[in-house]
Every structure is written in C-alpha cells, then in structure tokens.
file coords.txt (compact mmCIF, C-alpha atoms)
# COMPACT_ATOMS: atom_id res chain seq x y z
CA ALA C 1203 -9.18 9.58 -16.40
CA ASP C 1204 -7.03 12.12 -18.25
CA HIS C 1205 -8.57 11.36 -21.66
CA ALA C 1206 -12.07 11.46 -20.17
CA GLY C 1207 -11.40 14.84 -18.56
CA LEU C 1208 -12.08 13.52 -15.06
CA PHE C 1209 -9.17 15.38 -13.47
CA ARG C 1210 -10.33 18.67 -14.99
CA LYS C 1211 -13.92 18.01 -13.85
CA ALA C 1212 -12.62 17.52 -10.31
CA GLY C 1213 -10.79 20.86 -10.49
CA LEU C 1214 -7.33 19.30 -10.75
CA ASN C 1215 -4.57 20.47 -13.08
CA VAL C 1216 -2.85 17.16 -13.80
CA GLN C 1217 0.08 16.67 -16.15
CA LEU C 1218 0.79 12.99 -16.71
CA GLN C 1219 4.27 11.72 -17.45
CA VAL C 1220 4.93 8.06 -18.23
CA LEU C 1221 8.08 6.78 -16.53
CA SER C 1222 9.93 3.52 -17.09
CA SER C 1223 9.50 2.07 -13.59
CA GLY C 1224 8.34 2.61 -10.03
CA ALA C 1225 11.94 3.39 -9.11
CA ALA C 1226 11.94 6.23 -11.64
CA GLY C 1227 8.69 7.48 -10.10
CA ALA C 1228 10.19 7.31 -6.61
CA ALA C 1229 13.20 9.33 -7.79
CA ALA C 1230 10.90 11.91 -9.38
CA VAL C 1231 8.80 12.31 -6.22
CA ALA C 1232 11.83 12.35 -3.91
CA GLY C 1233 13.53 14.94 -6.12
CA GLY C 1234 10.46 17.17 -6.40
CA ALA C 1235 9.92 16.63 -10.15
CA ALA C 1236 6.57 14.92 -9.48
CA GLN C 1237 3.98 15.13 -6.72
CA PHE C 1238 2.60 11.60 -7.08
CA ALA C 1239 3.79 8.37 -8.64
CA LEU C 1240 2.84 4.73 -8.97
CA SER C 1241 5.16 2.01 -7.71
CA SER C 1242 5.39 -1.51 -6.46
CA LEU C 1243 4.67 -1.69 -2.76
CA VAL C 1244 8.10 -3.27 -2.28
CA GLY C 1245 9.79 -0.10 -3.54
CA ILE C 1246 7.63 2.17 -1.40
CA ILE C 1247 8.28 0.04 1.69
CA GLU C 1248 12.04 0.03 1.04
CA ALA C 1249 12.01 3.83 0.67
CA HIS C 1250 10.09 4.19 3.93
CA GLU C 1251 12.60 1.89 5.64
CA ARG C 1252 15.39 4.23 4.48
CA GLY C 1253 13.63 7.28 5.94
CA ILE C 1254 12.17 8.70 2.72
CA PRO C 1255 8.84 10.25 3.76
CA PHE C 1256 6.52 8.86 1.07
CA THR C 1257 2.82 8.76 1.91
CA LEU C 1258 0.50 6.16 0.41
CA VAL C 1259 -2.40 7.92 -1.31
CA ALA C 1260 -4.38 5.09 -2.91
CA PRO C 1261 -4.09 1.45 -3.90
CA ALA C 1262 -3.42 0.96 -7.58
CA GLY C 1263 -3.25 -2.71 -8.46
CA VAL C 1264 -4.52 -6.00 -7.17
CA VAL C 1265 -3.10 -9.28 -8.43
CA THR C 1266 -5.54 -12.19 -8.66
CA SER C 1267 -4.97 -15.71 -9.95
CA ASP C 1268 -8.00 -15.51 -12.23
CA VAL C 1269 -6.66 -12.47 -14.15
CA PRO C 1270 -3.16 -13.30 -15.43
CA TYR C 1271 -1.95 -9.78 -16.18
CA SER C 1272 1.62 -10.88 -15.50
CA GLN C 1273 3.34 -14.09 -16.57
CA PHE C 1274 6.87 -15.42 -16.73
CA VAL C 1275 7.83 -16.16 -20.32
CA VAL C 1276 10.62 -17.94 -22.15
CA ARG C 1277 11.38 -18.25 -25.84
CA THR C 1278 8.93 -20.49 -27.66
CA ASP C 1279 11.70 -22.93 -28.61
CA SER C 1280 13.43 -22.80 -25.20
CA ALA C 1281 14.41 -26.04 -23.50
CA ILE C 1282 13.29 -24.49 -20.19
CA LYS C 1283 10.24 -26.42 -18.97
CA THR C 1284 10.56 -26.35 -15.15
CA ALA C 1285 11.74 -24.11 -12.32
CA HIS C 1286 14.85 -26.29 -11.99
CA ASP C 1287 15.71 -25.53 -15.63
CA LEU C 1288 16.02 -21.84 -14.66
CA ASN C 1289 18.95 -22.47 -12.30
CA GLY C 1290 21.86 -20.22 -13.30
CA LYS C 1291 19.82 -18.40 -15.95
CA ILE C 1292 19.54 -14.68 -16.72
CA ILE C 1293 16.13 -13.22 -15.90
CA GLY C 1294 14.71 -9.85 -17.02
CA THR C 1295 12.62 -7.91 -14.53
CA PRO C 1296 11.18 -4.37 -14.47
CA GLY C 1297 13.10 -3.53 -11.30
CA LEU C 1298 15.69 -5.26 -9.19
CA LYS C 1299 14.25 -6.39 -5.85
CA ASP C 1300 10.72 -5.44 -6.90
CA MET C 1301 7.52 -7.48 -6.62
CA ASP C 1302 8.23 -9.23 -9.95
CA THR C 1303 11.66 -10.34 -8.70
CA VAL C 1304 10.18 -11.57 -5.41
CA ALA C 1305 7.49 -13.50 -7.30
CA VAL C 1306 9.99 -15.15 -9.68
CA MET C 1307 12.27 -16.14 -6.79
CA ASN C 1308 9.37 -17.57 -4.75
CA TRP C 1309 8.01 -19.51 -7.72
CA VAL C 1310 11.42 -20.98 -8.56
CA ASP C 1311 12.05 -22.02 -4.94
CA GLN C 1312 8.53 -23.48 -4.50
CA ASN C 1313 8.78 -25.48 -7.71
CA GLY C 1314 12.14 -27.24 -7.47
CA GLY C 1315 14.65 -24.61 -8.53
CA ASP C 1316 17.16 -22.51 -6.59
CA SER C 1317 16.52 -18.76 -6.78
CA LYS C 1318 19.98 -18.02 -5.37
CA THR C 1319 21.44 -19.10 -8.73
CA LEU C 1320 19.33 -16.67 -10.80
CA ARG C 1321 20.94 -13.59 -12.31
CA PHE C 1322 18.52 -10.66 -12.62
CA VAL C 1323 18.84 -7.85 -15.14
CA GLU C 1324 16.67 -4.74 -14.83
CA MET C 1325 14.89 -3.80 -18.05
CA PRO C 1326 11.49 -2.44 -19.08
CA GLY C 1327 8.96 -4.93 -20.44
CA PRO C 1328 9.34 -4.21 -24.16
CA THR C 1329 13.13 -4.50 -23.87
CA ALA C 1330 12.81 -7.75 -21.90
CA LEU C 1331 10.41 -9.17 -24.49
CA ALA C 1332 12.89 -8.47 -27.29
CA ALA C 1333 15.79 -9.87 -25.21
CA VAL C 1334 13.91 -13.13 -24.57
CA ALA C 1335 12.81 -13.44 -28.21
CA GLU C 1336 16.39 -12.84 -29.40
CA GLY C 1337 17.91 -15.24 -26.83
CA ARG C 1338 19.92 -12.56 -24.98
CA ILE C 1339 18.21 -13.48 -21.69
CA ASP C 1340 16.55 -16.73 -20.69
CA GLY C 1341 13.21 -15.47 -19.41
CA ALA C 1342 11.28 -12.49 -18.08
CA ASP C 1343 8.20 -11.63 -16.08
CA LEU C 1344 6.06 -9.56 -18.44
CA ASN C 1345 2.97 -7.53 -17.65
CA THR C 1346 0.15 -6.56 -20.01
CA PRO C 1347 0.10 -5.11 -22.62
CA THR C 1348 3.68 -6.26 -23.40
CA LEU C 1349 2.77 -9.80 -22.32
CA THR C 1350 -0.14 -9.89 -24.78
CA ARG C 1351 2.01 -8.61 -27.65
CA GLY C 1352 4.69 -11.17 -26.86
CA LEU C 1353 2.33 -14.13 -26.72
CA GLU C 1354 0.54 -13.02 -29.89
CA SER C 1355 3.89 -12.77 -31.71
CA GLY C 1356 4.51 -16.48 -31.13
CA LYS C 1357 8.11 -15.72 -30.11
CA VAL C 1358 7.55 -16.43 -26.39
CA ARG C 1359 5.46 -18.81 -24.34
CA THR C 1360 4.26 -18.77 -20.76
CA LEU C 1361 6.24 -20.83 -18.27
CA ALA C 1362 4.41 -19.74 -15.11
CA GLN C 1363 2.08 -17.28 -13.47
CA VAL C 1364 4.69 -16.45 -10.83
CA PHE C 1365 2.58 -14.10 -8.70
CA ASP C 1366 0.61 -17.17 -7.56
CA ALA C 1367 3.75 -18.07 -5.56
CA ILE C 1368 3.02 -15.05 -3.34
CA ALA C 1369 -0.77 -15.37 -2.96
CA SER C 1370 -3.88 -15.89 -5.05
CA ARG C 1371 -4.94 -12.26 -4.36
CA PHE C 1372 -2.94 -9.31 -3.05
CA SER C 1373 -2.27 -5.61 -3.60
CA ASN C 1374 0.99 -5.08 -5.47
CA THR C 1375 1.11 -1.38 -6.35
CA ALA C 1376 0.02 1.96 -4.93
CA TRP C 1377 0.00 5.67 -5.63
CA PHE C 1378 2.20 7.61 -3.25

call {"tool": "encode", "arguments": {"input": "coords.txt", "output": "structure tokens"}}
result
Amino acid sequence: ADHAGLFRKAGLNVQLQVLSSGAAGAAAVAGGAAQFALSSLVGIIEAHERGIPFTLVAPAGVVTSDVPYSQFVVRTDSAIKTAHDLNGKIIGTPGLKDMDTVAVMNWVDQNGGDSKTLRFVEMPGPTALAAVAEGRIDGADLNTPTLTRGLESGKVRTLAQVFDAIASRFSNTAWF
C-alpha cells in the first residue's frame, strides 16, 4: 500500500517502520512511539488482560491449511523425525508465548511428544533459520519469506505444519 501510494491517496500521512516482532510493536504503541502496529492475537489479548487499552483496528492474517506460510523446520540432516523426538529440545520462535509457540506446543502434544519438555528461545526468523542450519537450536517455526529461503537453501527441511494443530483456518494476527 505504501509503495503504491494508497495511503497518500486516502489522505493519510503514514510512516512505516519495520519492527522485529509483535511484542516490539506493542511496546511502541504502548509507549507512544507508534499509533498502530501488527501483532499476534495472543499478544494483543495478553495486553488487554493486563489492562493495556489496545483497540483492534483490522484483521491482518488468516492461517489456512492449504497455504503453508508457516512451517516447523529442522536441519536437513537432523535425526528428528517425530514430535516425540523433540522432547527436551531447544526451539526457536518469534516470540515467547505467541501463536507460534502455542502451535508448536499443541502439535507436539497431539503427535506423541511432551511440550512441557521443550525449551523455547525467542529470536526473529532469519536468526532462527541460521541457528537451526548451524545446529545451535534443534528446530524453529519459520514464516515466509524466511521459510522459503531456508527450504531453498537445502539446509533445513519441514517437520510439520504446526498451525494445523490449532485449526485448519483461523485469524492469527491483527492491527491494533
């Protein structure tokens, strides 16, 4: 919309700033550095529960089983083949306690593993991709375009489409 001049055509003076996560966006909005941000619904709900007066403005993302924009990956040569193999492993996720974390935990529990044994580390997608490829973490839930770059590199492979463990279609992000 910015590149196409749609904001300007609508009479809006918009200055876009790319942030590392929904949590960073929430901090920016709460602190007055931004008027709007995009975040996982989990983060927005948690903020609301803590009394932070965020207002949902518009839905942003819908997850569907037929469009795998997010997948859990492991190193191509990893011995991890099942959810049970993830027990006790270190998992990279864009935000702790976000929708990605919930999806990974649900998938592990629904497929024979124990999510209580997982150790989550918060890191942006590109950092998580490098950490998986280098063997510093055992797996990560990556979103496009990082997912696409990782799969094309041949350094990682898909283990699961973990969002299917939540539902085959649901809203996962919103502007607030």

call {"tool": "atom_distance", "arguments": {"input": "coords.txt", "atom1": "atom CA of Val1334 of chain C", "atom2": "atom CA of Gly1245 of chain C"}}
result
25.1 Å

call {"tool": "residues_around", "arguments": {"input": "coords.txt", "residues": "segment 1289-1306 of chain C", "least_positions_apart": "6", "cutoff": "7 Å", "atoms": "all atoms listed in the file", "output": "PyMOL selection string"}}
result
chain C and resi 1223+1242+1244-1245+1315-1316+1319-1327+1330+1339-1343+1364-1365+1367-1368

call {"tool": "atom_distance", "arguments": {"input": "coords.txt", "atom1": "atom CA of Ile1247 of chain C", "atom2": "atom CA of Val1265 of chain C"}}
result
17.9 Å

call {"tool": "atom_distance", "arguments": {"input": "coords.txt", "atom1": "atom CA of Trp1309 of chain C", "atom2": "atom CA of Ala1226 of chain C"}}
result
26.3 Å

call {"tool": "residues_around", "arguments": {"input": "coords.txt", "residues": "Arg1371 of chain C", "least_positions_apart": "3", "cutoff": "8 Å", "atoms": "only C-alpha atoms", "output": "VMD selection string"}}
result
chain C and resid 1264 to 1267

call {"tool": "residues_around", "arguments": {"input": "coords.txt", "residues": "Ala1285 of chain C", "least_positions_apart": "2", "cutoff": "10 Å", "atoms": "all atoms listed in the file", "output": "ChimeraX atom specification"}}
result
/C:1282-1283,1287-1289,1306-1307,1309-1317,1361-1362

call {"tool": "closest_residue", "arguments": {"input": "coords.txt", "among": "C:Ser1370, C:Thr1257, C:Thr1375, C:Thr1278", "to": "Ala1232 of chain C", "atoms": "all atoms listed in the file"}}
result
C:Thr1257

call {"tool": "closest_residue", "arguments": {"input": "coords.txt", "among": "C:Ser1373, C:Gln1237, C:Gln1273, C:Gln1219", "to": "Thr1348 of chain C", "atoms": "all atoms listed in the file"}}
result
C:Gln1273

call {"tool": "closest_residue", "arguments": {"input": "coords.txt", "among": "C:Asn1215, C:Thr1360, C:Phe1256, C:Asp1268", "to": "Gly1234 of chain C", "atoms": "all atoms listed in the file"}}
result
C:Phe1256

call {"tool": "residues_around", "arguments": {"input": "coords.txt", "residues": "Ser1355 of chain C", "least_positions_apart": "4", "cutoff": "12 Å", "atoms": "all atoms listed in the file", "output": "ChimeraX atom specification"}}
result
/C:1277-1278,1331-1332,1335,1348-1351,1359

call {"tool": "residues_near_point", "arguments": {"input": "coords.txt", "point": "(9.9, 12.6, 4.0)", "cutoff": "12 Å", "atoms": "only C-alpha atoms", "output": "list in words"}}
result
Ala1228, Val1231, Ala1232, Gly1233, Gly1234, Ile1246, Ala1249, His1250, Glu1251, Arg1252, Gly1253, Ile1254, Pro1255, Phe1256, Thr1257, Leu1258 and Phe1378 of chain C

call {"tool": "closest_residue", "arguments": {"input": "coords.txt", "among": "C:Asn1374, C:Asp1204, C:Leu1218, C:Pro1261", "to": "Leu1243 of chain C", "atoms": "all atoms listed in the file"}}
result
C:Asn1374
